[in-house]
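Novice: The structure file work_25.txt (compact mmCIF, C-alpha atoms and all ligand atoms) is provided below.
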```
# COMPACT_ATOMS: atom_id res chain seq x y z
CA MET A 1 -38.64 -2.72 -11.88
CA LYS A 2 -38.83 -6.16 -13.46
CA ASN A 3 -36.99 -9.37 -12.60
CA THR A 4 -33.24 -9.86 -12.41
CA ILE A 5 -31.57 -11.80 -15.22
CA LEU A 6 -28.15 -13.43 -15.28
CA VAL A 7 -26.53 -12.86 -18.68
CA THR A 8 -23.64 -15.23 -19.31
CA GLY A 9 -21.38 -14.03 -22.12
CA GLY A 10 -22.97 -10.59 -21.80
CA ALA A 11 -19.75 -8.77 -22.75
CA GLY A 12 -19.79 -10.36 -26.21
CA TYR A 13 -21.27 -9.20 -29.49
CA ILE A 14 -24.87 -10.37 -29.13
CA GLY A 15 -24.82 -10.24 -25.32
CA SER A 16 -23.82 -6.57 -25.14
CA HIS A 17 -26.66 -5.54 -27.48
CA THR A 18 -29.10 -7.69 -25.52
CA CYS A 19 -28.07 -6.02 -22.23
CA ILE A 20 -29.22 -2.69 -23.67
CA ALA A 21 -32.54 -4.14 -24.84
CA LEU A 22 -33.08 -5.81 -21.44
CA HIS A 23 -32.32 -2.58 -19.60
CA GLN A 24 -34.74 -0.66 -21.84
CA ALA A 25 -37.40 -3.28 -21.08
CA GLY A 26 -36.88 -2.69 -17.35
CA TYR A 27 -34.92 -5.80 -16.40
CA GLU A 28 -32.12 -5.80 -13.82
CA ILE A 29 -29.04 -7.40 -15.34
CA VAL A 30 -26.00 -9.19 -13.97
CA VAL A 31 -23.35 -9.97 -16.60
CA TYR A 32 -21.06 -12.95 -16.06
CA ASP A 33 -18.25 -13.36 -18.61
CA ASN A 34 -14.65 -14.60 -18.57
CA LEU A 35 -13.68 -12.05 -21.27
CA SER A 36 -12.08 -14.82 -23.33
CA ASN A 37 -13.54 -13.24 -26.48
CA SER A 38 -14.54 -9.77 -25.33
CA SER A 39 -13.27 -6.77 -23.43
CA ARG A 40 -14.13 -4.62 -20.44
CA GLU A 41 -14.51 -1.73 -22.83
CA ALA A 42 -17.73 -3.32 -24.13
CA ILE A 43 -19.07 -3.27 -20.55
CA ASN A 44 -17.98 0.37 -20.16
CA ARG A 45 -19.72 1.36 -23.36
CA VAL A 46 -22.95 -0.45 -22.48
CA SER A 47 -22.86 1.31 -19.09
CA HIS A 48 -22.46 4.62 -20.90
CA LEU A 49 -25.33 3.85 -23.28
CA ILE A 50 -27.73 2.83 -20.50
CA ASP A 51 -26.49 5.72 -18.36
CA GLN A 52 -25.77 3.59 -15.30
CA PRO A 53 -23.10 1.06 -14.28
CA LEU A 54 -23.74 -2.43 -15.60
CA THR A 55 -23.23 -5.09 -12.91
CA PHE A 56 -20.35 -7.19 -14.24
CA ILE A 57 -18.66 -10.23 -12.72
CA GLU A 58 -15.62 -11.70 -14.40
CA GLY A 59 -15.91 -15.47 -14.20
CA ASP A 60 -16.12 -18.74 -16.09
CA ILE A 61 -19.29 -20.82 -16.50
CA ARG A 62 -17.20 -23.94 -15.78
CA ASP A 63 -16.42 -22.60 -12.30
CA ALA A 64 -19.33 -23.85 -10.15
CA LYS A 65 -17.96 -22.20 -7.00
CA ALA A 66 -17.82 -18.77 -8.61
CA LEU A 67 -21.29 -19.26 -10.10
CA ARG A 68 -22.70 -20.18 -6.67
CA GLN A 69 -21.37 -16.90 -5.29
CA VAL A 70 -23.28 -15.06 -8.00
CA PHE A 71 -26.47 -17.01 -7.28
CA ASP A 72 -26.00 -16.41 -3.53
CA ALA A 73 -25.83 -12.67 -4.12
CA HIS A 74 -28.82 -12.33 -6.47
CA GLN A 75 -32.32 -13.70 -6.84
CA PHE A 76 -32.61 -14.52 -10.54
CA PHE A 77 -35.79 -15.02 -12.53
CA GLY A 78 -33.76 -16.70 -15.26
CA VAL A 79 -30.56 -16.93 -17.24
CA ILE A 80 -29.77 -15.86 -20.79
CA HIS A 81 -26.87 -18.06 -21.75
CA PHE A 82 -24.64 -16.57 -24.47
CA ALA A 83 -21.30 -17.75 -23.07
CA GLY A 84 -19.59 -20.03 -25.54
CA LEU A 85 -16.89 -20.28 -28.16
CA LYS A 86 -18.11 -19.84 -31.73
CA ALA A 87 -15.34 -20.21 -34.33
CA VAL A 88 -16.09 -23.19 -36.57
CA GLY A 89 -12.49 -23.60 -37.84
CA GLU A 90 -11.00 -23.36 -34.36
CA SER A 91 -13.50 -25.97 -33.14
CA VAL A 92 -12.17 -28.43 -35.74
CA ALA A 93 -8.61 -27.81 -34.50
CA LYS A 94 -9.52 -27.80 -30.79
CA PRO A 95 -12.60 -30.01 -30.30
CA LEU A 96 -11.91 -30.72 -26.62
CA LEU A 97 -11.77 -27.00 -25.86
CA TYR A 98 -15.12 -26.51 -27.59
CA TYR A 99 -16.87 -29.45 -25.90
CA ASN A 100 -15.39 -28.47 -22.54
CA ASN A 101 -16.37 -24.82 -22.82
CA ASN A 102 -19.73 -25.10 -24.56
CA VAL A 103 -21.06 -28.43 -23.28
CA SER A 104 -19.39 -28.95 -19.87
CA GLY A 105 -19.78 -25.25 -19.14
CA THR A 106 -23.51 -25.41 -19.85
CA ILE A 107 -23.90 -28.53 -17.68
CA THR A 108 -22.19 -26.74 -14.78
CA LEU A 109 -24.44 -23.73 -15.26
CA LEU A 110 -27.58 -25.92 -15.33
CA GLU A 111 -26.46 -27.77 -12.18
CA VAL A 112 -26.04 -24.51 -10.29
CA MET A 113 -29.38 -23.22 -11.60
CA ALA A 114 -31.05 -26.42 -10.34
CA GLU A 115 -29.41 -26.01 -6.91
CA TYR A 116 -30.91 -22.53 -6.65
CA ASP A 117 -34.24 -23.52 -8.21
CA VAL A 118 -33.78 -21.07 -11.10
CA LYS A 119 -35.37 -22.96 -13.97
CA ASN A 120 -35.87 -20.42 -16.75
CA LEU A 121 -33.19 -20.47 -19.44
CA VAL A 122 -32.80 -18.80 -22.82
CA PHE A 123 -30.01 -20.56 -24.71
CA SER A 124 -28.02 -19.28 -27.72
CA SER A 125 -28.42 -21.99 -30.31
CA SER A 126 -27.74 -21.66 -33.99
CA ALA A 127 -29.13 -22.42 -37.43
CA THR A 128 -26.05 -24.58 -37.74
CA VAL A 129 -28.02 -27.35 -35.95
CA TYR A 130 -30.05 -27.78 -39.18
CA GLY A 131 -26.93 -28.83 -41.14
CA ASP A 132 -27.65 -28.82 -44.88
CA PRO A 133 -31.42 -28.22 -44.91
CA GLU A 134 -33.67 -30.43 -47.04
CA THR A 135 -36.35 -27.76 -47.41
CA LEU A 136 -36.52 -23.97 -47.25
CA PRO A 137 -37.52 -21.97 -45.33
CA ILE A 138 -36.34 -24.01 -42.34
CA ASP A 139 -38.85 -24.49 -39.55
CA GLU A 140 -38.16 -25.76 -36.06
CA THR A 141 -39.29 -29.32 -36.85
CA ALA A 142 -36.59 -29.79 -39.52
CA PRO A 143 -34.11 -32.63 -38.94
CA ARG A 144 -30.93 -31.68 -37.13
CA SER A 145 -27.35 -32.68 -37.93
CA CYS A 146 -23.93 -31.08 -37.66
CA THR A 147 -20.61 -31.48 -39.36
CA ASN A 148 -18.17 -29.70 -37.04
CA PRO A 149 -17.46 -29.67 -33.29
CA TYR A 150 -18.89 -26.16 -32.81
CA GLY A 151 -22.21 -27.24 -34.32
CA GLN A 152 -22.09 -30.53 -32.41
CA SER A 153 -21.62 -28.62 -29.16
CA LYS A 154 -24.83 -26.62 -29.85
CA LEU A 155 -26.75 -29.73 -30.87
CA THR A 156 -25.49 -31.65 -27.83
CA VAL A 157 -26.64 -28.86 -25.51
CA GLU A 158 -30.05 -28.94 -27.21
CA HIS A 159 -30.26 -32.71 -26.54
CA ILE A 160 -29.26 -32.12 -22.91
CA LEU A 161 -31.96 -29.46 -22.55
CA GLU A 162 -34.55 -31.81 -24.07
CA ASP A 163 -33.62 -34.59 -21.64
CA LEU A 164 -33.67 -32.16 -18.72
CA ALA A 165 -37.15 -30.95 -19.64
CA VAL A 166 -38.39 -34.55 -19.72
CA SER A 167 -36.80 -35.36 -16.36
CA ASP A 168 -38.33 -32.38 -14.57
CA THR A 169 -41.30 -30.53 -16.04
CA SER A 170 -40.67 -27.37 -14.04
CA TRP A 171 -37.90 -26.25 -16.43
CA SER A 172 -38.52 -23.70 -19.18
CA LEU A 173 -35.69 -24.02 -21.67
CA ILE A 174 -36.00 -21.82 -24.76
CA SER A 175 -33.42 -22.55 -27.42
CA LEU A 176 -33.14 -19.58 -29.76
CA ARG A 177 -31.69 -20.67 -33.08
CA TYR A 178 -30.03 -17.58 -34.54
CA PHE A 179 -29.53 -17.31 -38.26
CA ASN A 180 -26.78 -14.84 -39.34
CA PRO A 181 -26.44 -11.96 -36.85
CA VAL A 182 -24.92 -8.78 -38.34
CA GLY A 183 -25.08 -5.02 -37.72
CA ALA A 184 -24.34 -2.99 -34.64
CA HIS A 185 -25.97 -0.61 -32.18
CA PRO A 186 -27.12 2.53 -34.05
CA SER A 187 -24.92 4.68 -31.77
CA GLY A 188 -21.81 3.11 -33.33
CA GLN A 189 -20.51 2.51 -29.80
CA ILE A 190 -20.77 -1.29 -29.68
CA GLY A 191 -20.47 -3.92 -32.38
CA GLU A 192 -18.74 -7.09 -33.48
CA ASP A 193 -15.00 -7.05 -32.77
CA PRO A 194 -13.29 -10.13 -34.22
CA ASN A 195 -9.87 -10.92 -32.76
CA ASP A 196 -8.11 -11.91 -35.96
CA ILE A 197 -8.99 -11.83 -39.62
CA PRO A 198 -12.78 -12.31 -39.66
CA ASN A 199 -14.24 -15.65 -40.78
CA ASN A 200 -17.71 -14.25 -41.29
CA LEU A 201 -18.89 -12.29 -44.28
CA MET A 202 -20.16 -8.98 -42.82
CA PRO A 203 -17.09 -8.15 -40.69
CA TYR A 204 -14.89 -9.13 -43.63
CA ILE A 205 -16.79 -6.76 -45.96
CA SER A 206 -16.59 -3.91 -43.47
CA GLN A 207 -12.85 -4.39 -42.88
CA VAL A 208 -12.21 -4.37 -46.64
CA THR A 209 -14.30 -1.20 -46.93
CA VAL A 210 -12.37 0.55 -44.16
CA GLY A 211 -9.08 -0.47 -45.80
CA LYS A 212 -7.86 -2.95 -43.19
CA LEU A 213 -8.13 -5.86 -45.61
CA GLU A 214 -7.33 -5.73 -49.30
CA LYS A 215 -10.02 -7.76 -51.01
CA LEU A 216 -13.03 -9.94 -50.24
CA SER A 217 -12.95 -13.53 -51.47
CA ILE A 218 -16.42 -14.74 -52.37
CA PHE A 219 -16.47 -18.45 -51.73
CA GLY A 220 -18.20 -19.90 -54.74
CA ASN A 221 -20.37 -18.50 -57.56
CA ASP A 222 -21.75 -21.81 -58.78
CA TYR A 223 -24.37 -22.52 -56.12
CA PRO A 224 -27.96 -23.12 -57.25
CA THR A 225 -29.03 -19.67 -56.03
CA VAL A 226 -30.23 -16.38 -57.53
CA ASP A 227 -26.70 -15.33 -58.61
CA GLY A 228 -24.59 -18.40 -57.82
CA THR A 229 -23.35 -17.10 -54.46
CA GLY A 230 -24.42 -18.45 -51.06
CA VAL A 231 -27.72 -17.27 -49.57
CA ARG A 232 -28.18 -16.54 -45.85
CA ASP A 233 -30.76 -15.03 -43.52
CA PHE A 234 -28.94 -11.96 -42.16
CA ILE A 235 -30.57 -10.53 -39.06
CA HIS A 236 -29.81 -7.22 -37.36
CA VAL A 237 -28.28 -7.78 -33.92
CA THR A 238 -30.67 -5.30 -32.30
CA ASP A 239 -33.65 -7.24 -33.67
CA LEU A 240 -32.01 -10.38 -32.30
CA ALA A 241 -31.53 -8.69 -28.92
CA GLN A 242 -35.22 -7.80 -28.87
CA GLY A 243 -36.03 -11.48 -29.52
CA HIS A 244 -34.44 -12.32 -26.14
CA VAL A 245 -36.61 -9.72 -24.39
CA SER A 246 -39.68 -11.24 -26.07
CA ALA A 247 -38.63 -14.74 -24.94
CA LEU A 248 -38.27 -13.55 -21.34
CA ASN A 249 -41.57 -11.66 -21.45
CA TYR A 250 -43.18 -14.87 -22.65
CA LEU A 251 -41.73 -16.83 -19.72
CA GLU A 252 -42.77 -14.13 -17.26
CA GLN A 253 -46.37 -14.12 -18.50
CA LEU A 254 -46.47 -17.88 -18.21
CA THR A 255 -45.13 -18.02 -14.68
CA SER A 256 -47.40 -15.22 -13.49
CA SER A 257 -50.53 -16.70 -15.08
CA ARG A 258 -53.28 -16.97 -12.47
CA SER A 259 -55.88 -18.58 -14.69
CA PRO A 260 -56.97 -21.93 -13.20
CA SER A 261 -57.66 -23.28 -16.68
CA ASP A 262 -54.07 -22.59 -17.66
CA MET A 263 -51.99 -24.46 -15.14
CA ALA A 264 -48.88 -24.79 -17.30
CA LYS A 265 -46.14 -22.68 -15.76
CA SER A 266 -43.25 -24.00 -17.81
CA VAL A 267 -42.57 -24.65 -21.47
CA GLY A 268 -40.18 -27.60 -21.27
CA PHE A 269 -37.79 -27.49 -24.21
CA LEU A 270 -38.88 -24.89 -26.74
CA PRO A 271 -36.79 -24.29 -29.89
CA ILE A 272 -37.47 -21.03 -31.75
CA ASN A 273 -35.82 -19.64 -34.88
CA LEU A 274 -34.67 -16.03 -34.83
CA GLY A 275 -34.33 -14.97 -38.44
CA THR A 276 -35.99 -12.56 -40.85
CA GLY A 277 -37.40 -15.29 -43.09
CA LYS A 278 -35.66 -13.70 -46.08
CA GLY A 279 -32.59 -14.95 -47.91
CA THR A 280 -29.93 -12.53 -49.18
CA SER A 281 -27.06 -13.66 -51.39
CA VAL A 282 -23.42 -12.80 -50.72
CA LEU A 283 -23.35 -10.59 -53.82
CA GLU A 284 -26.58 -8.86 -52.83
CA LEU A 285 -25.05 -8.05 -49.43
CA VAL A 286 -21.86 -6.72 -51.04
CA ASN A 287 -23.94 -4.53 -53.37
CA ALA A 288 -26.10 -3.26 -50.49
CA PHE A 289 -22.97 -2.36 -48.51
CA THR A 290 -21.54 -0.52 -51.53
CA GLU A 291 -24.77 1.41 -51.97
CA VAL A 292 -25.02 2.41 -48.30
CA THR A 293 -21.37 3.45 -47.91
CA GLY A 294 -20.72 4.79 -51.40
CA ARG A 295 -17.41 2.93 -51.31
CA ASP A 296 -15.93 0.41 -53.63
CA ILE A 297 -15.52 -3.13 -52.24
CA PRO A 298 -12.92 -5.04 -54.23
CA TYR A 299 -13.77 -8.73 -54.47
CA GLN A 300 -12.82 -11.88 -56.33
CA PHE A 301 -14.57 -15.20 -56.76
CA THR A 302 -12.73 -18.17 -55.34
CA GLY A 303 -13.68 -21.81 -54.82
CA ARG A 304 -16.35 -22.91 -52.36
CA ARG A 305 -15.41 -23.00 -48.66
CA ALA A 306 -15.39 -26.50 -47.19
CA GLY A 307 -18.50 -27.23 -45.16
CA ASP A 308 -20.57 -24.35 -46.62
CA ILE A 309 -24.14 -24.88 -47.77
CA ALA A 310 -25.90 -23.15 -50.67
CA SER A 311 -28.88 -21.58 -48.92
CA CYS A 312 -30.17 -21.15 -45.40
CA TYR A 313 -33.10 -19.03 -44.27
CA ALA A 314 -35.63 -19.31 -41.51
CA SER A 315 -39.29 -19.78 -41.20
CA ALA A 316 -39.87 -17.03 -38.63
CA ASP A 317 -43.53 -17.90 -37.98
CA LYS A 318 -43.12 -19.60 -34.61
CA ALA A 319 -41.41 -16.57 -33.05
CA LYS A 320 -44.18 -14.33 -34.36
CA VAL A 321 -47.05 -16.52 -33.17
CA LEU A 322 -45.61 -17.48 -29.76
CA LEU A 323 -43.48 -14.48 -28.80
CA GLY A 324 -45.09 -11.76 -30.89
CA TRP A 325 -41.59 -11.03 -32.20
CA TYR A 326 -40.46 -10.40 -35.74
CA ALA A 327 -37.39 -8.79 -37.28
CA LYS A 328 -38.01 -5.19 -38.35
CA LEU A 329 -34.71 -3.90 -39.74
CA SER A 330 -33.68 -4.07 -43.39
CA VAL A 331 -30.45 -5.22 -45.00
CA ALA A 332 -29.66 -1.55 -45.75
CA GLU A 333 -29.95 -0.76 -42.01
CA MET A 334 -27.73 -3.74 -41.18
CA CYS A 335 -25.09 -2.34 -43.56
CA ALA A 336 -25.44 1.26 -42.35
CA ASP A 337 -25.06 0.31 -38.67
CA THR A 338 -22.15 -2.07 -39.35
CA TRP A 339 -20.42 0.70 -41.25
CA ARG A 340 -21.00 3.29 -38.50
CA TRP A 341 -19.45 0.93 -35.92
CA GLN A 342 -16.55 -0.02 -38.22
CA SER A 343 -15.70 3.54 -39.32
CA MET A 344 -15.97 4.95 -35.78
CA ASN A 345 -13.88 2.06 -34.36
CA PRO A 346 -11.53 0.91 -37.13
CA ASN A 347 -9.52 -1.13 -34.62
CA GLY A 348 -12.46 -2.37 -32.57
CA TYR A 349 -12.68 -1.67 -28.85
P1 LIG B 401 -19.02 -13.59 -28.58
O1 LIG B 401 -17.80 -14.42 -28.63
O2 LIG B 401 -18.93 -12.17 -28.96
O3 LIG B 401 -19.68 -13.67 -27.12
C1 LIG B 401 -19.58 -14.81 -26.31
C2 LIG B 401 -19.12 -14.33 -24.94
O4 LIG B 401 -19.00 -15.48 -24.08
C3 LIG B 401 -17.75 -13.65 -24.96
O5 LIG B 401 -17.85 -12.41 -24.30
C4 LIG B 401 -16.83 -14.61 -24.20
O6 LIG B 401 -15.83 -13.93 -23.50
C5 LIG B 401 -17.82 -15.33 -23.30
N1 LIG B 401 -17.41 -16.69 -22.89
C6 LIG B 401 -16.98 -17.69 -23.67
N2 LIG B 401 -16.72 -18.77 -22.93
C7 LIG B 401 -17.01 -18.46 -21.65
C8 LIG B 401 -16.95 -19.15 -20.41
N3 LIG B 401 -16.49 -20.41 -20.35
N4 LIG B 401 -17.34 -18.53 -19.29
C9 LIG B 401 -17.78 -17.24 -19.33
N5 LIG B 401 -17.84 -16.53 -20.46
C10 LIG B 401 -17.47 -17.13 -21.62
O7 LIG B 401 -20.12 -14.34 -29.48
P2 LIG B 401 -21.55 -13.86 -29.95
O8 LIG B 401 -21.51 -13.68 -31.42
O9 LIG B 401 -22.03 -12.75 -29.09
O10 LIG B 401 -22.38 -15.18 -29.68
C11 LIG B 401 -23.09 -15.38 -28.47
C12 LIG B 401 -23.65 -16.80 -28.49
O11 LIG B 401 -24.48 -16.97 -29.63
C13 LIG B 401 -22.59 -17.89 -28.56
O12 LIG B 401 -22.99 -18.97 -27.74
C14 LIG B 401 -22.62 -18.29 -30.00
O13 LIG B 401 -22.20 -19.63 -30.20
C15 LIG B 401 -24.07 -18.11 -30.37
N6 LIG B 401 -24.30 -17.86 -31.79
C16 LIG B 401 -23.63 -16.85 -32.42
C17 LIG B 401 -23.82 -16.65 -33.79
C18 LIG B 401 -23.06 -15.57 -34.52
O14 LIG B 401 -22.95 -15.65 -35.75
N7 LIG B 401 -22.52 -14.56 -33.85
C19 LIG B 401 -24.73 -17.45 -34.51
C20 LIG B 401 -25.42 -18.44 -33.83
C21 LIG B 401 -25.20 -18.64 -32.46
N1 LIG B 402 -18.41 -15.85 -47.32
C1 LIG B 402 -17.62 -15.41 -48.35
N2 LIG B 402 -16.44 -14.82 -48.02
C2 LIG B 402 -16.02 -14.64 -46.75
C3 LIG B 402 -16.85 -15.10 -45.70
C4 LIG B 402 -18.04 -15.71 -46.04
O1 LIG B 402 -17.96 -15.55 -49.52
O2 LIG B 402 -14.92 -14.10 -46.54
C5 LIG B 402 -19.72 -16.47 -47.64
C6 LIG B 402 -19.86 -17.89 -47.19
O3 LIG B 402 -19.32 -18.77 -48.14
C7 LIG B 402 -21.37 -18.01 -47.00
C8 LIG B 402 -21.79 -16.61 -46.56
O4 LIG B 402 -20.74 -15.75 -46.96
O5 LIG B 402 -21.98 -18.31 -48.22
C9 LIG B 402 -21.98 -16.46 -45.06
O6 LIG B 402 -20.81 -16.91 -44.38
P1 LIG B 402 -20.54 -16.60 -42.84
O7 LIG B 402 -19.22 -17.21 -42.49
O8 LIG B 402 -20.73 -15.17 -42.55
O9 LIG B 402 -21.74 -17.36 -42.11
P2 LIG B 402 -22.16 -18.90 -42.14
O10 LIG B 402 -23.57 -18.94 -42.63
O11 LIG B 402 -21.17 -19.73 -42.85
O12 LIG B 402 -22.08 -19.31 -40.61
C10 LIG B 402 -22.57 -18.46 -39.60
C11 LIG B 402 -21.74 -18.67 -38.33
C12 LIG B 402 -21.94 -20.07 -37.80
C13 LIG B 402 -23.40 -20.29 -37.58
C14 LIG B 402 -24.17 -20.04 -38.85
C15 LIG B 402 -25.65 -20.16 -38.63
O13 LIG B 402 -20.37 -18.51 -38.62
O14 LIG B 402 -21.28 -20.20 -36.58
O15 LIG B 402 -23.91 -18.73 -39.34
O16 LIG B 402 -26.06 -19.31 -37.63
F1 LIG B 402 -23.59 -21.55 -37.18
```
Once more with this new file: its structure as structure tokens, please.

Specialist:
Amino acid sequence: MKNTILVTGGAGYIGSHTCIALHQAGYEIVVYDNLSNSSREAINRVSHLIDQPLTFIEGDIRDAKALRQVFDAHQFFGVIHFAGLKAVGESVAKPLLYYNNNVSGTITLLEVMAEYDVKNLVFSSSATVYGDPETLPIDETAPRSCTNPYGQSKLTVEHILEDLAVSDTSWSLISLRYFNPVGAHPSGQIGEDPNDIPNNLMPYISQVTVGKLEKLSIFGNDYPTVDGTGVRDFIHVTDLAQGHVSALNYLEQLTSSRSPSDMAKSVGFLPINLGTGKGTSVLELVNAFTEVTGRDIPYQFTGRRAGDIASCYASADKAKVLLGWYAKLSVAEMCADTWRWQSMNPNGY
């Protein structure tokens, strides 16, 4: 049996898939989530899929007292920190909520980790920290900037992690910058379950296909891209989940290194992109979904969405060289697994 990992936000979309990957890799898991954007049913289904009860504690990362109880009860090797709010539009309307939850919450978590001398963290960052990229593909040295409070909250946490690593070199703080996570577990049991009308492309496509929504609006067909529609680096959520296992394995190898020539036991602040390295346009994704499902997806072109950029895709080299990780699943598999989840669970959990 490997080390025990605290997974904040582990009931959510990416967290629930990562719990399965962590379990398969032999890790013990403790999930800590306030269920503000998820449900107990996700925990039940993960338990079913891993064939044993998942240890789940309902709690908020801003609650230091509750966190201390969790750290008192378990000896953690590290924390994977998914907990956060993620809706860009809502963050513009409610900036204080976003800074409080995502930034203050992370500070509280880091303070409790420091108290218990748990100094390995894998943080959920985002390609949004690159703003409108100057060059493509985007590597980890690209300049960072953000235009909305959600993005600012991710960038601010990255700055905090950088400062923390400078102040105390025993921290290992890996910031995984996700590109566009899509897809679902191949069982069709867990997947993305947006509360309202989806903001993101893939859940919108799948809800149109299942008949819950009438028509997809494609925001802009005049971008300087292959077909005029926006280009993104869509990555299957199970590949993304595996990236977290690789990050933890990397930290474990480092901390267990006995070689006298290699004294470094921590990585400081380490940003790593998790993407496929390939761009796919909105129209290409719609066509792939149509092909996989054999269903018609009505769509119309509308004006550009405020704040959108033309193209965004990762350089995935650093993850491959350092972690030995790369994305394996195709766009067709992303569509097939999304569709299985959506058609088996038309109303989500
Ligand atoms: P999600 O909303 O499905 O999962 C986040 C989980 O965190 C939810 O279960 C929610 O209940 C929990 N949570 C929120 N605030 C909390 C708090 N204060 N205390 C305890 N739990 C709390 O989102 P996701 O798509 O799984 O994203 C996970 C992380 O990855 C988030 O930090 C998100 O910002 C980041 N991210 C997501 C995407 C994406 O497109 N999905 C892209 C880049 C980065
Ligand atoms: N799009 C449409 N119609 C829709 C929804 C989206 O045409 O109904 C288009 C967008 O204009 C964009 C592309 O599909 O060109 C992807 O849009 P998403 O909203 O799915 O994803 P974004 O790249 O805009 O943003 C997502 C997350 C952010 C995160 C970013 C980078 O929403 O939180 O990826 O990881 F920061």

Novice: From the set A:Gly211, A:Pro137, A:Gly191, A:Gly78, which residue has the shortest atom-to-atom contact distance to ligand LIG 401 (chain B), counting all atoms listed in the file?

Specialist: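 Residue with the minimum atom-to-atom distance to ligand LIG 401 (chain B): A:Gly191.
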
Novice: Residues within 7 Å of range 336-340 of chain A, please, as an mmCIF file with C-alpha atoms, in the frame of the given file. Count all atoms listed in the file; anything in the same chain fewer than 3 positions from it doesn't count.

Specialist:
```cif
data_model
loop_
_atom_site.group_PDB
_atom_site.id
_atom_site.type_symbol
_atom_site.label_atom_id
_atom_site.label_comp_id
_atom_site.auth_asym_id
_atom_site.auth_seq_id
_atom_site.Cartn_x
_atom_site.Cartn_y
_atom_site.Cartn_z
ATOM 1 C CA GLY A 183 -25.080 -5.020 -37.720
ATOM 2 C CA ALA A 184 -24.340 -2.990 -34.640
ATOM 3 C CA HIS A 185 -25.970 -0.610 -32.180
ATOM 4 C CA PRO A 186 -27.120 2.530 -34.050
ATOM 5 C CA GLY A 188 -21.810 3.110 -33.330
ATOM 6 C CA SER A 206 -16.590 -3.910 -43.470
ATOM 7 C CA VAL A 292 -25.020 2.410 -48.300
ATOM 8 C CA ALA A 332 -29.660 -1.550 -45.750
ATOM 9 C CA GLU A 333 -29.950 -0.760 -42.010
ATOM 10 C CA SER A 343 -15.700 3.540 -39.320
ATOM 11 C CA MET A 344 -15.970 4.950 -35.780
#
```

Novice: Could the centre and edge lengths of an axis-aligned box, enclosing all atoms of ligand LIG 401 (chain B) in the file with 8 Å extra on each side, be given in Å to one decimal as lines of an AutoDock Vina configuration file?

Specialist:
```
center_x = -20.6
center_y = -16.3
center_z = -27.5
size_x = 25.6
size_y = 24.2
size_z = 32.5
```

Novice: May I have the protein, DNA and RNA residues with an atom at most 12 Å from (-28.4, -26.6, -17.0), counting all atoms listed in the file in the file's coordinates, returned as a tab-separated table (two decimals) with C-alpha atoms, keeping the file's coordinate frame?

Specialist:
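The result, written out as out-v2.tsv:
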```tsv
chain	number	residue	atom	x	y	z
A	61	ILE	CA	-19.29	-20.82	-16.50
A	62	ARG	CA	-17.20	-23.94	-15.78
A	64	ALA	CA	-19.33	-23.85	-10.15
A	78	GLY	CA	-33.76	-16.70	-15.26
A	79	VAL	CA	-30.56	-16.93	-17.24
A	80	ILE	CA	-29.77	-15.86	-20.79
A	81	HIS	CA	-26.87	-18.06	-21.75
A	102	ASN	CA	-19.73	-25.10	-24.56
A	103	VAL	CA	-21.06	-28.43	-23.28
A	104	SER	CA	-19.39	-28.95	-19.87
A	105	GLY	CA	-19.78	-25.25	-19.14
A	106	THR	CA	-23.51	-25.41	-19.85
A	107	ILE	CA	-23.90	-28.53	-17.68
A	108	THR	CA	-22.19	-26.74	-14.78
A	109	LEU	CA	-24.44	-23.73	-15.26
A	110	LEU	CA	-27.58	-25.92	-15.33
A	111	GLU	CA	-26.46	-27.77	-12.18
A	112	VAL	CA	-26.04	-24.51	-10.29
A	113	MET	CA	-29.38	-23.22	-11.60
A	114	ALA	CA	-31.05	-26.42	-10.34
A	115	GLU	CA	-29.41	-26.01	-6.91
A	116	TYR	CA	-30.91	-22.53	-6.65
A	117	ASP	CA	-34.24	-23.52	-8.21
A	118	VAL	CA	-33.78	-21.07	-11.10
A	119	LYS	CA	-35.37	-22.96	-13.97
A	120	ASN	CA	-35.87	-20.42	-16.75
A	121	LEU	CA	-33.19	-20.47	-19.44
A	122	VAL	CA	-32.80	-18.80	-22.82
A	123	PHE	CA	-30.01	-20.56	-24.71
A	157	VAL	CA	-26.64	-28.86	-25.51
A	158	GLU	CA	-30.05	-28.94	-27.21
A	159	HIS	CA	-30.26	-32.71	-26.54
A	160	ILE	CA	-29.26	-32.12	-22.91
A	161	LEU	CA	-31.96	-29.46	-22.55
A	162	GLU	CA	-34.55	-31.81	-24.07
A	163	ASP	CA	-33.62	-34.59	-21.64
A	164	LEU	CA	-33.67	-32.16	-18.72
A	165	ALA	CA	-37.15	-30.95	-19.64
A	168	ASP	CA	-38.33	-32.38	-14.57
A	171	TRP	CA	-37.90	-26.25	-16.43
A	172	SER	CA	-38.52	-23.70	-19.18
A	173	LEU	CA	-35.69	-24.02	-21.67
A	174	ILE	CA	-36.00	-21.82	-24.76
A	269	PHE	CA	-37.79	-27.49	-24.21
```

Novice: Looking at A:Pro194, A:Pro203, A:Gly275, A:Gly15, which one is nearest to Asp139 in chain A, with distances taken over all atoms listed in the file?

Specialist: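 Looking only at the distances to Asp139 in chain A, the closest residue turns out to be A:Gly275.
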
Novice: May I ask which of the residues A:Leu213, A:Cys312, A:Val70, A:Leu176 is the closest one to ligand LIG 402 (chain B), counting all atoms listed in the file?

Specialist: A:Cys312

Novice: Atom C7 of ligand LIG 401 (chain B) and CA of Ser266 in chain A are how many Å apart?

Specialist: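 Between these atoms lies a distance of 27.1 Å.
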
Novice: Between A:Val321, A:Ala127, A:Cys335, A:Val92, which one has atoms that come closest to ligand LIG 401 (chain B), using only C-alpha atoms and all ligand atoms?

Specialist: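 Once distances to ligand LIG 401 (chain B) are computed over only C-alpha atoms and all ligand atoms, the minimum belongs to A:Ala127.
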